[in-house]
Structure formats: structure tokens, C-alpha cells
>>> print(open('target28.cif').read())   # mmCIF, C-alpha atoms, pLDDT in the B column; chains and numbers go by the auth columns
data_coords
#
loop_
_atom_site.group_PDB
_atom_site.id
_atom_site.type_symbol
_atom_site.label_atom_id
_atom_site.label_comp_id
_atom_site.label_asym_id
_atom_site.label_seq_id
_atom_site.Cartn_x
_atom_site.Cartn_y
_atom_site.Cartn_z
_atom_site.B_iso_or_equiv
_atom_site.auth_seq_id
_atom_site.auth_asym_id
ATOM 1 C CA MET A 1 123.312 102.594 90.527 76.00 1 S
ATOM 2 C CA LYS A 2 119.709 103.135 89.567 86.00 2 S
ATOM 3 C CA ALA A 3 117.539 100.604 87.717 91.00 3 S
ATOM 4 C CA ASN A 4 116.675 101.322 84.110 91.00 4 S
ATOM 5 C CA ALA A 5 113.443 103.348 83.822 92.00 5 S
ATOM 6 C CA ILE A 6 111.649 100.505 82.002 93.00 6 S
ATOM 7 C CA TYR A 7 111.252 98.711 85.350 95.00 7 S
ATOM 8 C CA SER A 8 109.060 101.571 86.647 94.00 8 S
ATOM 9 C CA ALA A 9 106.594 101.426 83.749 95.00 9 S
ATOM 10 C CA PRO A 10 103.983 98.865 82.703 94.00 10 S
ATOM 11 C CA PRO A 11 104.205 95.940 82.255 95.00 11 S
ATOM 12 C CA ALA A 12 107.606 95.630 83.970 97.00 12 S
ATOM 13 C CA ALA A 13 106.562 97.429 87.174 97.00 13 S
ATOM 14 C CA ALA A 14 103.734 94.971 87.884 96.00 14 S
ATOM 15 C CA LEU A 15 105.968 91.977 87.133 97.00 15 S
ATOM 16 C CA LEU A 16 108.693 93.338 89.414 98.00 16 S
ATOM 17 C CA MET A 17 106.169 93.884 92.200 97.00 17 S
ATOM 18 C CA ARG A 18 105.128 90.206 91.993 97.00 18 S
ATOM 19 C CA MET A 19 108.785 89.093 92.052 98.00 19 S
ATOM 20 C CA ARG A 20 109.432 91.233 95.127 98.00 20 S
ATOM 21 C CA LYS A 21 106.472 89.617 96.859 98.00 21 S
ATOM 22 C CA ILE A 22 107.930 86.167 96.159 98.00 22 S
ATOM 23 C CA CYS A 23 111.350 87.258 97.419 97.00 23 S
ATOM 24 C CA SER A 24 109.833 88.695 100.590 96.00 24 S
ATOM 25 C CA GLN A 25 108.983 85.109 101.551 96.00 25 S
ATOM 26 C CA LEU A 26 112.548 83.802 101.098 96.00 26 S
ATOM 27 C CA PRO A 27 115.203 84.035 103.820 95.00 27 S
ATOM 28 C CA ASP A 28 117.975 86.620 103.748 95.00 28 S
ATOM 29 C CA VAL A 29 117.176 88.154 100.350 97.00 29 S
ATOM 30 C CA THR A 30 118.492 91.537 99.301 97.00 30 S
ATOM 31 C CA GLU A 31 117.747 93.462 96.151 97.00 31 S
ATOM 32 C CA THR A 32 120.279 95.500 94.291 97.00 32 S
ATOM 33 C CA VAL A 33 120.814 96.815 90.773 97.00 33 S
ATOM 34 C CA SER A 34 123.365 95.253 88.477 95.00 34 S
ATOM 35 C CA PHE A 35 123.959 96.674 84.996 94.00 35 S
ATOM 36 C CA GLY A 36 120.635 98.544 85.364 95.00 36 S
ATOM 37 C CA HIS A 37 118.651 95.371 86.162 97.00 37 S
ATOM 38 C CA PRO A 38 116.831 94.592 89.433 98.00 38 S
ATOM 39 C CA THR A 39 118.871 91.762 90.958 98.00 39 S
ATOM 40 C CA PHE A 40 117.958 89.499 93.870 98.00 40 S
ATOM 41 C CA GLN A 41 120.702 88.035 96.043 98.00 41 S
ATOM 42 C CA VAL A 42 121.206 85.775 99.028 97.00 42 S
ATOM 43 C CA GLY A 43 124.457 86.028 100.959 94.00 43 S
ATOM 44 C CA GLY A 44 125.824 88.369 98.297 95.00 44 S
ATOM 45 C CA LYS A 45 125.244 85.815 95.521 96.00 45 S
ATOM 46 C CA THR A 46 122.790 86.491 92.716 98.00 46 S
ATOM 47 C CA PHE A 47 119.907 84.052 92.276 98.00 47 S
ATOM 48 C CA ALA A 48 117.524 86.036 90.044 98.00 48 S
ATOM 49 C CA VAL A 49 117.785 88.959 87.635 98.00 49 S
ATOM 50 C CA PHE A 50 114.852 90.758 86.018 98.00 50 S
ATOM 51 C CA GLU A 51 116.157 91.934 82.695 97.00 51 S
ATOM 52 C CA GLN A 52 115.255 93.240 79.312 96.00 52 S
ATOM 53 C CA TYR A 53 117.186 91.537 76.528 95.00 53 S
ATOM 54 C CA LYS A 54 116.592 92.404 72.882 94.00 54 S
ATOM 55 C CA GLY A 55 113.380 94.204 73.856 94.00 55 S
ATOM 56 C CA GLU A 56 111.945 91.243 75.776 96.00 56 S
ATOM 57 C CA LEU A 57 111.422 91.074 79.548 98.00 57 S
ATOM 58 C CA GLY A 58 112.859 87.996 81.189 98.00 58 S
ATOM 59 C CA LEU A 59 113.711 86.506 84.562 98.00 59 S
ATOM 60 C CA ALA A 60 117.170 84.933 84.664 98.00 60 S
ATOM 61 C CA LEU A 61 117.497 82.086 87.161 98.00 61 S
ATOM 62 C CA LYS A 62 120.078 79.512 88.165 97.00 62 S
ATOM 63 C CA VAL A 63 119.002 75.906 87.571 97.00 63 S
ATOM 64 C CA GLU A 64 120.778 72.627 88.088 95.00 64 S
ATOM 65 C CA LYS A 65 123.171 72.186 85.184 92.00 65 S
ATOM 66 C CA GLU A 66 121.762 68.704 84.531 93.00 66 S
ATOM 67 C CA LEU A 67 118.256 70.167 84.083 95.00 67 S
ATOM 68 C CA GLN A 68 119.210 73.181 81.997 97.00 68 S
ATOM 69 C CA GLN A 69 118.677 71.441 78.639 96.00 69 S
ATOM 70 C CA ILE A 70 115.191 70.340 79.700 96.00 70 S
ATOM 71 C CA PHE A 71 114.225 73.960 80.354 96.00 71 S
ATOM 72 C CA LEU A 72 115.753 75.058 77.062 97.00 72 S
ATOM 73 C CA LYS A 73 113.506 72.661 75.122 97.00 73 S
ATOM 74 C CA ASP A 74 110.561 74.760 76.324 96.00 74 S
ATOM 75 C CA PRO A 75 110.118 77.853 74.070 96.00 75 S
ATOM 76 C CA ARG A 76 109.356 80.001 77.129 96.00 76 S
ATOM 77 C CA PHE A 77 113.038 79.759 78.117 97.00 77 S
ATOM 78 C CA TYR A 78 116.328 80.720 76.518 98.00 78 S
ATOM 79 C CA LEU A 79 119.973 80.442 77.536 98.00 79 S
ATOM 80 C CA THR A 80 120.828 83.465 79.662 98.00 80 S
ATOM 81 C CA PRO A 81 123.380 85.631 77.829 96.00 81 S
ATOM 82 C CA TYR A 82 126.911 85.592 79.275 94.00 82 S
ATOM 83 C CA ILE A 83 126.149 83.318 82.266 96.00 83 S
ATOM 84 C CA GLY A 84 124.109 80.565 80.632 97.00 84 S
ATOM 85 C CA LYS A 85 127.143 78.299 80.549 96.00 85 S
ATOM 86 C CA HIS A 86 127.026 78.279 84.355 96.00 86 S
ATOM 87 C CA GLY A 87 123.523 76.809 84.540 97.00 87 S
ATOM 88 C CA TRP A 88 121.352 79.885 83.992 98.00 88 S
ATOM 89 C CA VAL A 89 118.136 80.088 81.966 98.00 89 S
ATOM 90 C CA THR A 90 115.845 83.031 81.303 98.00 90 S
ATOM 91 C CA LEU A 91 112.056 82.764 81.463 98.00 91 S
ATOM 92 C CA ARG A 92 110.205 85.019 79.042 98.00 92 S
ATOM 93 C CA MET A 93 108.022 87.093 81.370 97.00 93 S
ATOM 94 C CA GLU A 94 105.535 88.325 78.791 94.00 94 S
ATOM 95 C CA THR A 95 104.458 84.812 77.816 87.00 95 S
ATOM 96 C CA LYS A 96 100.716 84.381 78.238 87.00 96 S
ATOM 97 C CA PRO A 97 99.556 83.036 80.549 89.00 97 S
ATOM 98 C CA LEU A 98 102.403 83.402 83.034 94.00 98 S
ATOM 99 C CA ASP A 99 102.256 80.708 85.714 95.00 99 S
ATOM 100 C CA TRP A 100 103.179 82.525 88.936 97.00 100 S
ATOM 101 C CA LYS A 101 103.306 79.286 90.930 97.00 101 S
ATOM 102 C CA GLU A 102 105.990 78.084 88.528 96.00 102 S
ATOM 103 C CA VAL A 103 107.838 81.408 88.803 97.00 103 S
ATOM 104 C CA ARG A 104 107.744 81.151 92.604 98.00 104 S
ATOM 105 C CA GLU A 105 109.084 77.581 92.584 97.00 105 S
ATOM 106 C CA MET A 106 111.844 78.463 90.138 97.00 106 S
ATOM 107 C CA MET A 107 112.882 81.467 92.237 98.00 107 S
ATOM 108 C CA ARG A 108 112.901 79.295 95.364 97.00 108 S
ATOM 109 C CA GLY A 109 114.973 76.661 93.582 96.00 109 S
ATOM 110 C CA SER A 110 117.491 79.204 92.326 97.00 110 S
ATOM 111 C CA HIS A 111 117.686 80.710 95.816 97.00 111 S
ATOM 112 C CA ARG A 112 118.491 77.264 97.263 96.00 112 S
ATOM 113 C CA LEU A 113 121.162 76.583 94.619 96.00 113 S
ATOM 114 C CA VAL A 114 123.165 79.740 95.300 96.00 114 S
ATOM 115 C CA SER A 115 122.484 80.084 99.010 94.00 115 S
ATOM 116 C CA PRO A 116 125.750 80.029 100.972 87.00 116 S
ATOM 117 C CA ASN A 117 126.191 77.921 104.090 69.00 117 S
ATOM 118 C CA GLY A 118 122.691 76.484 104.025 58.00 118 S
ATOM 119 C CA VAL A 119 120.890 79.798 104.579 55.00 119 S
ATOM 120 C CA ALA A 120 118.008 78.521 102.440 47.00 120 S
ATOM 121 C CA LYS A 121 118.041 75.115 104.109 52.00 121 S
ATOM 122 C CA ARG A 122 116.878 76.472 107.479 48.00 122 S
ATOM 123 C CA ASN A 123 113.471 75.374 108.635 40.00 123 S
ATOM 124 C CA GLY A 124 110.419 77.488 107.952 46.00 124 S
ATOM 125 C CA THR A 125 110.903 79.649 111.060 36.00 125 S
ATOM 126 C CA THR A 126 113.348 81.997 109.352 42.00 126 S
ATOM 127 C CA THR A 127 111.917 85.301 108.266 39.00 127 S
ATOM 128 C CA THR A 128 113.358 87.584 105.669 41.00 128 S
ATOM 129 C CA SER A 129 114.694 91.063 106.023 42.00 129 S
ATOM 130 C CA PHE A 130 113.896 91.771 102.388 41.00 130 S
ATOM 131 C CA SER A 131 112.972 95.254 101.347 40.00 131 S
ATOM 132 C CA PRO A 132 113.392 96.680 97.860 44.00 132 S
ATOM 133 C CA PRO A 133 115.866 99.525 97.507 44.00 133 S
ATOM 134 C CA GLU A 134 114.208 102.915 97.556 47.00 134 S
ATOM 135 C CA HIS A 135 115.866 103.974 94.303 41.00 135 S
ATOM 136 C CA LEU A 136 114.010 101.359 92.207 39.00 136 S
#
>>> encode(input="target28.cif", output="C-alpha cells")
Amino acid sequence: MKANAIYSAPPAAALLMRMRKICSQLPDVTETVSFGHPTFQVGGKTFAVFEQYKGELGLALKVEKELQQIFLKDPRFYLTPYIGKHGWVTLRMETKPLDWKEVREMMRGSHRLVSPNGVAKRNGTTTTSFSPPEHL
């Protein structure tokens, strides 16, 4: 499946490029397309989805269920449609200014939460085999 064309055009293309750079520094990450959205996985489990929902670009991430309500008090976040009940929040990606350090930490945290068998718990010597699919 091919990603929706919006992810190849500004501003989505630049945002996606930054997300790919973050993912290139995480162990065992793969990128795929799910329902037309660029989707980042570890061990076959999704930890981040770049999506457009109701015309707004967002990054859906898994957070600890106990912390979800704290994120949702911040207007930059909303409950991720369909999977929010499982601890997912979506960060509005066109919020100005976007704090890329925060995005990186949230992606790392989501990666750790869904990582099977401690893949993300390895020490810093693990390198990633991440490369974006050519069809994106």
C-alpha cells in the first residue's frame, strides 16, 4: 500500500523527514503504511503513526495509560481516534512552535512501551536497520 499523497507535499514531507531521522536512531524500527499513513513499528508492533485527521496533521503515540489524561489536558494533544482507549494520544504537528526534543522523547517512550522482548531496553550499542520504504 502506498502512503497518501499529502505526506509527499509541504508541510507533511518535512515533518515526516524529521520523524524518520528520529526513528533512525532507535533500535529495530521499520516503517510501513497503514490505512495510507506512514507507520513506525518495532518488532511488528506500531509505536507511532503520522496521520491526517479532520484536515490536521498529527503524530499518534502510545503513552502510559496512567499519564494519558495529563497529556489530554494539554491542547496540543487529543485522544487518538479508535485506539485512544488503549493509551494513545495524538500530538498536533502544526502547533507553533513544535518542540522537536519533546517529539523525540515521546517517540522514544512509545517505542519502549511497545517494544517486544526488551528490544528497546538494550544498551546504547544497538544500531538500527531503519530505512524508509521506497514507495513513500
>>> resolve_selection(input="target28.cif", expression="the PyMOL selection byres ((chain S and resi 103) around 10)", output="ChimeraX atom specification")
/S:18-19,22,59,61,91,93,98-102,104-109
>>> atom_distance(input="target28.cif", atom1="CA of Thr90 (chain S)", atom2="CA of Gln68 (chain S)")
10.4 Å
>>> atom_distance(input="target28.cif", atom1="CA of Phe77 (chain S)", atom2="CA of Val89 (chain S)")
6.4 Å
>>> closest_residue(input="target28.cif", among="S:Ser24, S:Asn4, S:Lys62, S:Gly87", to="Thr46 (chain S)", atoms="only C-alpha atoms")
S:Lys62
>>> atom_distance(input="target28.cif", atom1="CA of Val33 (chain S)", atom2="CA of Pro10 (chain S)")
18.8 Å
